[in-house]
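First up is the structure itself, then whatever we jot down about it.
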Amino acid sequence: MRKMCLDMVYELARKDKRVFFIGSDLGTGTLQKFKEEMPERFFMEGISEANMIGLAAGLAMEGKIPYINTIATFLTRRCFEQVVIDLGLHNLDVRLLGSGGGLVYAPSGPTHQAIEDFAIMRAIPNMTIIAPADANEMRRAMLQSLDHQGPIYVRIAKGGDPIVTSDDIPFRIGKSLLMKEGSDVLIVTTGTTLQIGLQASDQLKKWGIDAGVLHIPTVKPIDKEAILSYMEGVSVIVTVEEHSIIGGLGATVAEILSEANFASPKRFKRIGIPDVFADQYGSQESLMRSFGITTENVVTTIKSLAGSELLPDEAIKREFAKE
Amino acid sequence: MLSNEAKAVSLDERSKYLRRRIIQILDVTRRGHLGSALSLLEILRVLYDDVMLYDARNPKWNQRDRCILSKGHGCLALYVVLQDKGFFPETELWKFCESDGILGGHPEIKIPGVEASTGSLGHGLPIGIGFALNAKHEGFGHRIFVIVGDGECNEGSVWEAALCAGKHKLDNLTVVIDYNQYQSYGPTREVQNLEPFADKWKVFGFATKEVDGHDVQALRSAFSSVPLEKDKPTAIICHTLKGKGIGFAENNMKWHHKSGINDEEIRQLFDEVEI
């Protein structure tokens with residue numbers, strides 16, 4: 001996904017002279033073709049995120065569209081005030097490409113794990129947050145980023161994530177995508193947890209539970225209208241994200257749900273990283289497992305929330321009881 | 001020391017006039033960063049009177065020289081100078097910090113003539129580097145001036161930006177430092193010593209010059225001679241006096257920021273400017 005993201009920066013720069021690239025101290029050879037073909041728009045500015053954001057703001061004030069790439073934690077935590085004031089307050093067309101969103105850097109420990117990037121970027125007025133599900137969606141999102149007004153934070157997931165979206169699905173910033181219809185349950189996902197949501201929906205079928213999957217590639221501004229519409233007809237809503245349960249997708253959906261005042265009762269659960277730093281290394285997958293961000297846990301959670309109301313068949317109920 | 005000489009410089013009628021304008025604003029609002037504005041008033045006056053190219057009727061004119069007041073708390077000086085040049089009507093001065101005014105306690109880009117919203121320190125120089133890189137990229141000849149405070153130079157982002165400006169040989173960029181040697185808590189040498197200050201800028205790749213920041217002729221000469229060296233950004237260290245021109249406010253930290261200014265104090269401020 002990162003490769004697609006940076007390839008798109010190159011592609012956009014080739015067709016639009018307003019596009020500049022700014023990196024901190026990225027791996028040698030990063031965007032080599034860009035550097036060779038358009039050196040006057042390629043900047044590698046060292047480990048100095050505050051300056052990098054201000055510099056990009058100055059370029060954007062002059063009509064340029066800078067794309068900045070470094071590790072997500074450094075783009076969101078280290079230079080937060082520069083992002084708020086230089087980019088948010090001035091509402092500038094700067095694109096922040098955060099590598100290793102979520103638990104990608106599991107072996108590197110908590111300093112490199114972007115577990116609250118949605119939360120802190122979401123609190124900034126004018127900021128748009130995009131978390132594509134796969135490389136295909138990244139491509140579509142990057143194409144739209146060029147002419148979007150205001151700053152954008154793009155969360156880049158791990159490379160090689162399974163491709164679950166296609167060009168048949170139109171991508172528009174700020175719009176959700178109903179990946180699967182369902183009458184009983186709504187699973188709301190963002191980024192690569194779409195894959196988990198789709199698998200969970202499949203597995204729930206054998207329990208007679210019809211679970212829809214709503215994918216939210218734009219965490220902010222969130223597609224409130226669609227979320228309300230799809231929540232209305234179901235009795236169980238579960239959010240799944242590779243992010244703290246504080247301030248991210250689940251919290252945003254909870255805010256929408258709590259103000260919706262639906263006539264029918266809803267059962268709701270946020271699945272994500274609890275309010276802790278990771279206390280173990282391992283892999284992205286092992287940390288996801290330890291936090292319960294897995295297909296199995298989504299299925300179990302939904303079955304538990306659904307209870308007897310959504311498990312009509314006695315045989316299924318008995319099997320459920322055995323588990 | 002140039003800093004001692006700064007105390008001795010007498011102010012001409014224009015400098016006194018601009019100070020009276022600042023006090024007129026205080027008379028209406030009864031609050032503001034007076035000391036911080038008075039130390040940089042001659043810097044701004046000279047830039048806008050004698051050095052920079054701009055069009056007050058077309059503030060976004062592409063070829064204009066750009067000035068960022070990075071030490072945004074000195075905005076009272078910027079406001080009286082910009083208004084004097086016709087960027088916005090005089091009535092705005094009397095609505096300082098009012099809900100229906102455009103002039104707040106720190107400058108924002110909605111004000112005609114203001115290039116960047118500042119107030120939180122350490123932001124102006126990186127933005128100025130973006131301006132300077134763009135001018136180089138486009139082949140434009142305009143210049144970029146960024147005014148920073150000495151206390152502001154405690155910020156790491158200032159030095160990140162200094163490294164970057166030196167690396168890119170931004171000789172269209174000038175950092176103007178209002179070195180009044182006081183910050184909010186006390187003398188800079190006690191809070192966070194900056195010396196040897198000029199040497200620091202030199203080793204970061206800047207051509208440097210030190211001037212008396214209240215000597216109008218010296219400022220004209222310094223600003224008009226930038227870049228001091230080809231392929232190097234310039235740092236002009238202006239030795240100034242906090243509260244310059246108002247005896248009882250000079251180096252008096254009670255006047256760094258003051259609110260609840262009473263009638264008697266307003267009268268004393270006006271009287272002091274006339275001396």
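Residue names in the structure tokens use chain letters A, B, ... in the order shown, residue numbers from 1 in each chain, and ligand numbers from 1 in the order shown.
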
For a quick test of understanding: name the residues of chain A lying within 8 Å of chain B when counting only C-alpha atoms, and present them as a compact mmCIF listing (two decimals) with N, CA and C atoms, in the first residue's frame.
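Dumped everything to out-v4.txt:
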# COMPACT_ATOMS: atom_id res chain seq x y z
N GLU A 40 13.69 19.46 -8.69
CA GLU A 40 13.33 20.77 -8.14
C GLU A 40 12.06 20.71 -7.29
N GLU A 45 14.24 16.45 3.89
CA GLU A 45 14.63 17.51 4.82
C GLU A 45 15.12 17.05 6.19
N SER A 48 13.20 16.42 11.03
CA SER A 48 12.82 17.74 11.56
C SER A 48 11.37 18.00 11.14
N ALA A 50 8.75 19.41 12.54
CA ALA A 50 8.13 20.73 12.74
C ALA A 50 8.46 21.64 11.56
N ASN A 51 9.74 21.66 11.20
CA ASN A 51 10.15 22.49 10.06
C ASN A 51 9.51 22.02 8.76
N MET A 52 9.42 20.71 8.62
CA MET A 52 8.86 20.13 7.40
C MET A 52 7.41 20.58 7.20
N ILE A 53 6.64 20.59 8.27
CA ILE A 53 5.22 21.00 8.16
C ILE A 53 5.13 22.50 7.83
N GLY A 54 5.93 23.31 8.51
CA GLY A 54 5.90 24.74 8.24
C GLY A 54 6.33 25.06 6.82
N LEU A 55 7.38 24.40 6.39
CA LEU A 55 7.88 24.57 5.02
C LEU A 55 6.77 24.21 4.01
N ALA A 56 6.11 23.10 4.26
CA ALA A 56 5.01 22.69 3.37
C ALA A 56 3.88 23.72 3.39
N ALA A 57 3.61 24.27 4.58
CA ALA A 57 2.56 25.29 4.69
C ALA A 57 2.93 26.51 3.84
N GLY A 58 4.18 26.92 3.91
CA GLY A 58 4.62 28.06 3.10
C GLY A 58 4.46 27.79 1.62
N LEU A 59 4.82 26.59 1.19
CA LEU A 59 4.65 26.23 -0.22
C LEU A 59 3.16 26.22 -0.60
N MET A 61 0.75 27.91 0.79
CA MET A 61 0.24 29.29 0.74
C MET A 61 0.57 29.94 -0.60
N GLU A 62 1.62 29.43 -1.24
CA GLU A 62 2.01 29.96 -2.55
C GLU A 62 1.38 29.17 -3.70
N GLN A 82 2.21 22.12 14.82
CA GLN A 82 2.41 22.65 13.47
C GLN A 82 1.28 22.21 12.55
N ILE A 85 -1.88 24.36 13.59
CA ILE A 85 -1.86 25.79 13.27
C ILE A 85 -1.48 26.04 11.81
N ASP A 86 -0.37 25.47 11.39
CA ASP A 86 0.11 25.78 10.03
C ASP A 86 -0.82 25.20 8.96
N HIS A 90 -4.82 27.40 8.85
CA HIS A 90 -4.71 28.06 7.54
C HIS A 90 -5.48 27.31 6.45

- For A:Gly197: contacts at 8 Å, only C-alpha atoms, fewer than 6 positions along chain excluded, given as an MDAnalysis selection string: chainID A and resid 187:189 213 240 295 298

Please save N, CA and C atoms of the selected residues as a PDB file, in the first residue's frame.
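Result went into again-v6.pdb, see below:
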ATOM      1  N   ILE A 187     -21.666  -4.086  10.631  1.00  0.00           N
ATOM      2  CA  ILE A 187     -20.250  -4.044  11.014  1.00  0.00           C
ATOM      3  C   ILE A 187     -19.643  -2.824  10.303  1.00  0.00           C
ATOM      4  N   VAL A 188     -19.073  -1.926  11.089  1.00  0.00           N
ATOM      5  CA  VAL A 188     -18.510  -0.703  10.523  1.00  0.00           C
ATOM      6  C   VAL A 188     -16.990  -0.788  10.619  1.00  0.00           C
ATOM      7  N   THR A 189     -16.317  -0.623   9.481  1.00  0.00           N
ATOM      8  CA  THR A 189     -14.857  -0.804   9.463  1.00  0.00           C
ATOM      9  C   THR A 189     -14.179   0.405   8.830  1.00  0.00           C
ATOM     10  N   VAL A 213     -21.794  -4.912   5.998  1.00  0.00           N
ATOM     11  CA  VAL A 213     -20.470  -4.323   6.268  1.00  0.00           C
ATOM     12  C   VAL A 213     -20.413  -2.946   5.612  1.00  0.00           C
ATOM     13  N   VAL A 240     -15.018  -1.873  13.997  1.00  0.00           N
ATOM     14  CA  VAL A 240     -13.739  -2.597  14.045  1.00  0.00           C
ATOM     15  C   VAL A 240     -12.657  -1.683  13.492  1.00  0.00           C
ATOM     16  N   THR A 295     -11.196 -11.577  13.194  1.00  0.00           N
ATOM     17  CA  THR A 295     -12.492 -12.042  12.698  1.00  0.00           C
ATOM     18  C   THR A 295     -13.219 -12.819  13.797  1.00  0.00           C
ATOM     19  N   VAL A 298     -14.752 -10.610  16.392  1.00  0.00           N
ATOM     20  CA  VAL A 298     -15.905  -9.859  15.860  1.00  0.00           C
ATOM     21  C   VAL A 298     -17.127 -10.782  15.831  1.00  0.00           C
TER      22      VAL A 298
END

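The residue that comes closest to A:Arg267, out of A:Cys5, A:Leu228, A:Leu186, A:Ile130 and on the basis of only C-alpha atoms, is A:Leu186.
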
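Residues in contact range of A:Leu6, defined as at most 8 Å between only C-alpha atoms, with sequence neighbours fewer than 4 positions away removed, read Arg2, Tyr10 and Leu31 of chain A.
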
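Using only C-alpha atoms, the shortest contact distance between B:Arg31 and any of B:Leu11, B:Cys153, B:Leu47, B:Leu76 is found at B:Leu76.
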
- Query: Near B:Ile22, within 9 Å and counting only C-alpha atoms, which residues show up once chain neighbours fewer than 2 positions away are dropped, as a list in words?
  - Reply: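 Contacts, with the query itself left out: Tyr17, Leu18, Arg19, Arg20, Gln24, Ile25, Leu26, Asp27, Leu34, Ala37, Leu38, Leu76, Ala77, Tyr79, Val80 and Leu93 of chain B.
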
Could you turn the residues from that selection into a file that holds C-alpha atoms, as an mmCIF file, in the first residue's frame?
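Output file result.cif follows:
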data_model
loop_
_atom_site.group_PDB
_atom_site.id
_atom_site.type_symbol
_atom_site.label_atom_id
_atom_site.label_comp_id
_atom_site.auth_asym_id
_atom_site.auth_seq_id
_atom_site.Cartn_x
_atom_site.Cartn_y
_atom_site.Cartn_z
ATOM 1 C CA TYR B 17 3.595 59.099 16.170
ATOM 2 C CA LEU B 18 3.403 55.323 15.734
ATOM 3 C CA ARG B 19 3.841 54.864 19.481
ATOM 4 C CA ARG B 20 0.965 57.231 20.131
ATOM 5 C CA GLN B 24 -4.560 55.017 21.399
ATOM 6 C CA ILE B 25 -5.411 51.337 20.848
ATOM 7 C CA LEU B 26 -4.591 50.589 24.484
ATOM 8 C CA ASP B 27 -6.812 53.503 25.504
ATOM 9 C CA LEU B 34 3.049 46.846 24.865
ATOM 10 C CA ALA B 37 5.502 45.837 20.321
ATOM 11 C CA LEU B 38 7.685 48.814 21.163
ATOM 12 C CA LEU B 76 0.232 46.062 18.019
ATOM 13 C CA ALA B 77 3.273 47.403 16.163
ATOM 14 C CA TYR B 79 -1.277 46.737 13.155
ATOM 15 C CA VAL B 80 -0.392 50.426 13.401
ATOM 16 C CA LEU B 93 -7.671 49.748 15.254
#

- Message: Please list as an MDAnalysis selection string every residue within 12 Å of B:Leu44, counting only C-alpha atoms and excluding residues in the same chain fewer than 4 positions away.
- Response: chainID B and resid 15 18 37:40 48:52 67:69 74:82 84:85 145:148 176:178 213:214 216 219:220 223 238

- To one decimal place, how far is atom CA of A:Glu255 from atom CA of A:Met127 in Å?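 Interatomic distance, atom CA of A:Glu255 to atom CA of A:Met127: 18.3 Å.
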
- Item | Contact residues around A:Asp223 with only C-alpha atoms at 10 Å, ignoring same-chain residues under 2 positions, as a ChimeraX atom specification | /A:173-177,216-221,225-228,253

Include C-alpha atoms and write out the residues we just selected as a compact mmCIF listing (two decimals), in the first residue's frame.
# COMPACT_ATOMS: atom_id res chain seq x y z
CA ILE A 173 -13.75 11.53 -0.17
CA GLY A 174 -16.29 11.74 2.65
CA LYS A 175 -18.44 8.88 1.38
CA SER A 176 -18.84 5.46 2.99
CA LEU A 177 -19.15 2.25 0.99
CA ILE A 216 -15.53 4.03 6.11
CA PRO A 217 -12.41 5.01 4.15
CA THR A 218 -12.93 8.65 5.18
CA VAL A 219 -12.86 8.79 8.97
CA LYS A 220 -13.32 12.57 8.80
CA PRO A 221 -15.57 14.10 7.58
CA GLU A 225 -26.04 10.34 6.85
CA ALA A 226 -25.20 6.86 5.55
CA ILE A 227 -24.20 5.57 8.97
CA LEU A 228 -27.53 6.72 10.43
CA VAL A 253 -19.94 6.09 15.42

- Note on the structure: Closest of B:Gly166, B:Pro227, B:Pro233, B:Gly245 to B:Ser10, counting only C-alpha atoms, is B:Gly245

- Message: Could you check the closest approach to A:Leu178 for each of A:Pro132, A:Pro125, A:Gly212, A:Gly101 and tell me which residue wins, using only C-alpha atoms?
- Response: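 Under the stated criterion, the closest residue is A:Gly212.
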
- Query: Residues of stretch 35-240 of chain B in alpha helix (DSSP H) according to DSSP, as a ChimeraX atom specification?
  - Reply: /B:35-39,41-46,75-84,124-138,156-167,188-191,197-203,216-224

- Message: Can you tell me which residues surround A:Val84 at a distance of at most 10 Å, considering only C-alpha atoms, apart from same-chain residues fewer than 5 positions away, and format the answer as a VMD selection string?
- Response: chain A and resid 76 79 89 to 91 120 to 121 123 to 127

Mind dumping the selected residues with N, CA and C atoms as a PDB file, in the first residue's frame?
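This went into selection-v4.pdb:
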ATOM      1  N   THR A  76       2.080  12.734  13.250  1.00  0.00           N
ATOM      2  CA  THR A  76       0.901  13.124  14.024  1.00  0.00           C
ATOM      3  C   THR A  76       1.267  13.588  15.433  1.00  0.00           C
ATOM      4  N   CYS A  79       4.792  16.700  15.563  1.00  0.00           N
ATOM      5  CA  CYS A  79       4.586  18.061  15.051  1.00  0.00           C
ATOM      6  C   CYS A  79       3.118  18.435  15.109  1.00  0.00           C
ATOM      7  N   LEU A  89      -5.451  25.510  10.826  1.00  0.00           N
ATOM      8  CA  LEU A  89      -5.942  26.892  10.947  1.00  0.00           C
ATOM      9  C   LEU A  89      -5.890  27.624   9.606  1.00  0.00           C
ATOM     10  N   HIS A  90      -4.825  27.401   8.847  1.00  0.00           N
ATOM     11  CA  HIS A  90      -4.715  28.059   7.536  1.00  0.00           C
ATOM     12  C   HIS A  90      -5.484  27.305   6.448  1.00  0.00           C
ATOM     13  N   ASN A  91      -5.964  26.103   6.794  1.00  0.00           N
ATOM     14  CA  ASN A  91      -6.760  25.277   5.866  1.00  0.00           C
ATOM     15  C   ASN A  91      -6.041  25.092   4.524  1.00  0.00           C
ATOM     16  N   ILE A 120      -6.215  12.109  17.252  1.00  0.00           N
ATOM     17  CA  ILE A 120      -5.611  13.439  17.356  1.00  0.00           C
ATOM     18  C   ILE A 120      -5.816  14.247  16.074  1.00  0.00           C
ATOM     19  N   MET A 121      -5.832  13.593  14.935  1.00  0.00           N
ATOM     20  CA  MET A 121      -6.068  14.339  13.697  1.00  0.00           C
ATOM     21  C   MET A 121      -7.542  14.735  13.568  1.00  0.00           C
ATOM     22  N   ALA A 123      -9.438  15.736  15.837  1.00  0.00           N
ATOM     23  CA  ALA A 123      -9.770  16.894  16.679  1.00  0.00           C
ATOM     24  C   ALA A 123      -9.397  18.221  16.012  1.00  0.00           C
ATOM     25  N   ILE A 124      -8.780  18.161  14.836  1.00  0.00           N
ATOM     26  CA  ILE A 124      -8.325  19.385  14.169  1.00  0.00           C
ATOM     27  C   ILE A 124      -9.379  19.847  13.159  1.00  0.00           C
ATOM     28  N   PRO A 125      -9.943  21.031  13.331  1.00  0.00           N
ATOM     29  CA  PRO A 125     -10.883  21.536  12.330  1.00  0.00           C
ATOM     30  C   PRO A 125     -10.228  21.592  10.947  1.00  0.00           C
ATOM     31  N   ASN A 126     -10.996  21.353   9.935  1.00  0.00           N
ATOM     32  CA  ASN A 126     -10.580  21.377   8.514  1.00  0.00           C
ATOM     33  C   ASN A 126      -9.817  20.124   8.056  1.00  0.00           C
ATOM     34  N   MET A 127      -9.429  19.250   8.994  1.00  0.00           N
ATOM     35  CA  MET A 127      -8.627  18.086   8.617  1.00  0.00           C
ATOM     36  C   MET A 127      -9.516  16.977   8.038  1.00  0.00           C
TER      37      MET A 127
END

- Item | d(atom CA of A:Val154, atom CA of A:Glu11) in Å |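 If I compute the distance from atom CA of A:Val154 to atom CA of A:Glu11, I get 16.9 Å.
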
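Closest to A:Glu259 among A:Ala141, A:Lys3, A:Gly100, A:Lys224 is A:Lys224, based on only C-alpha atoms.
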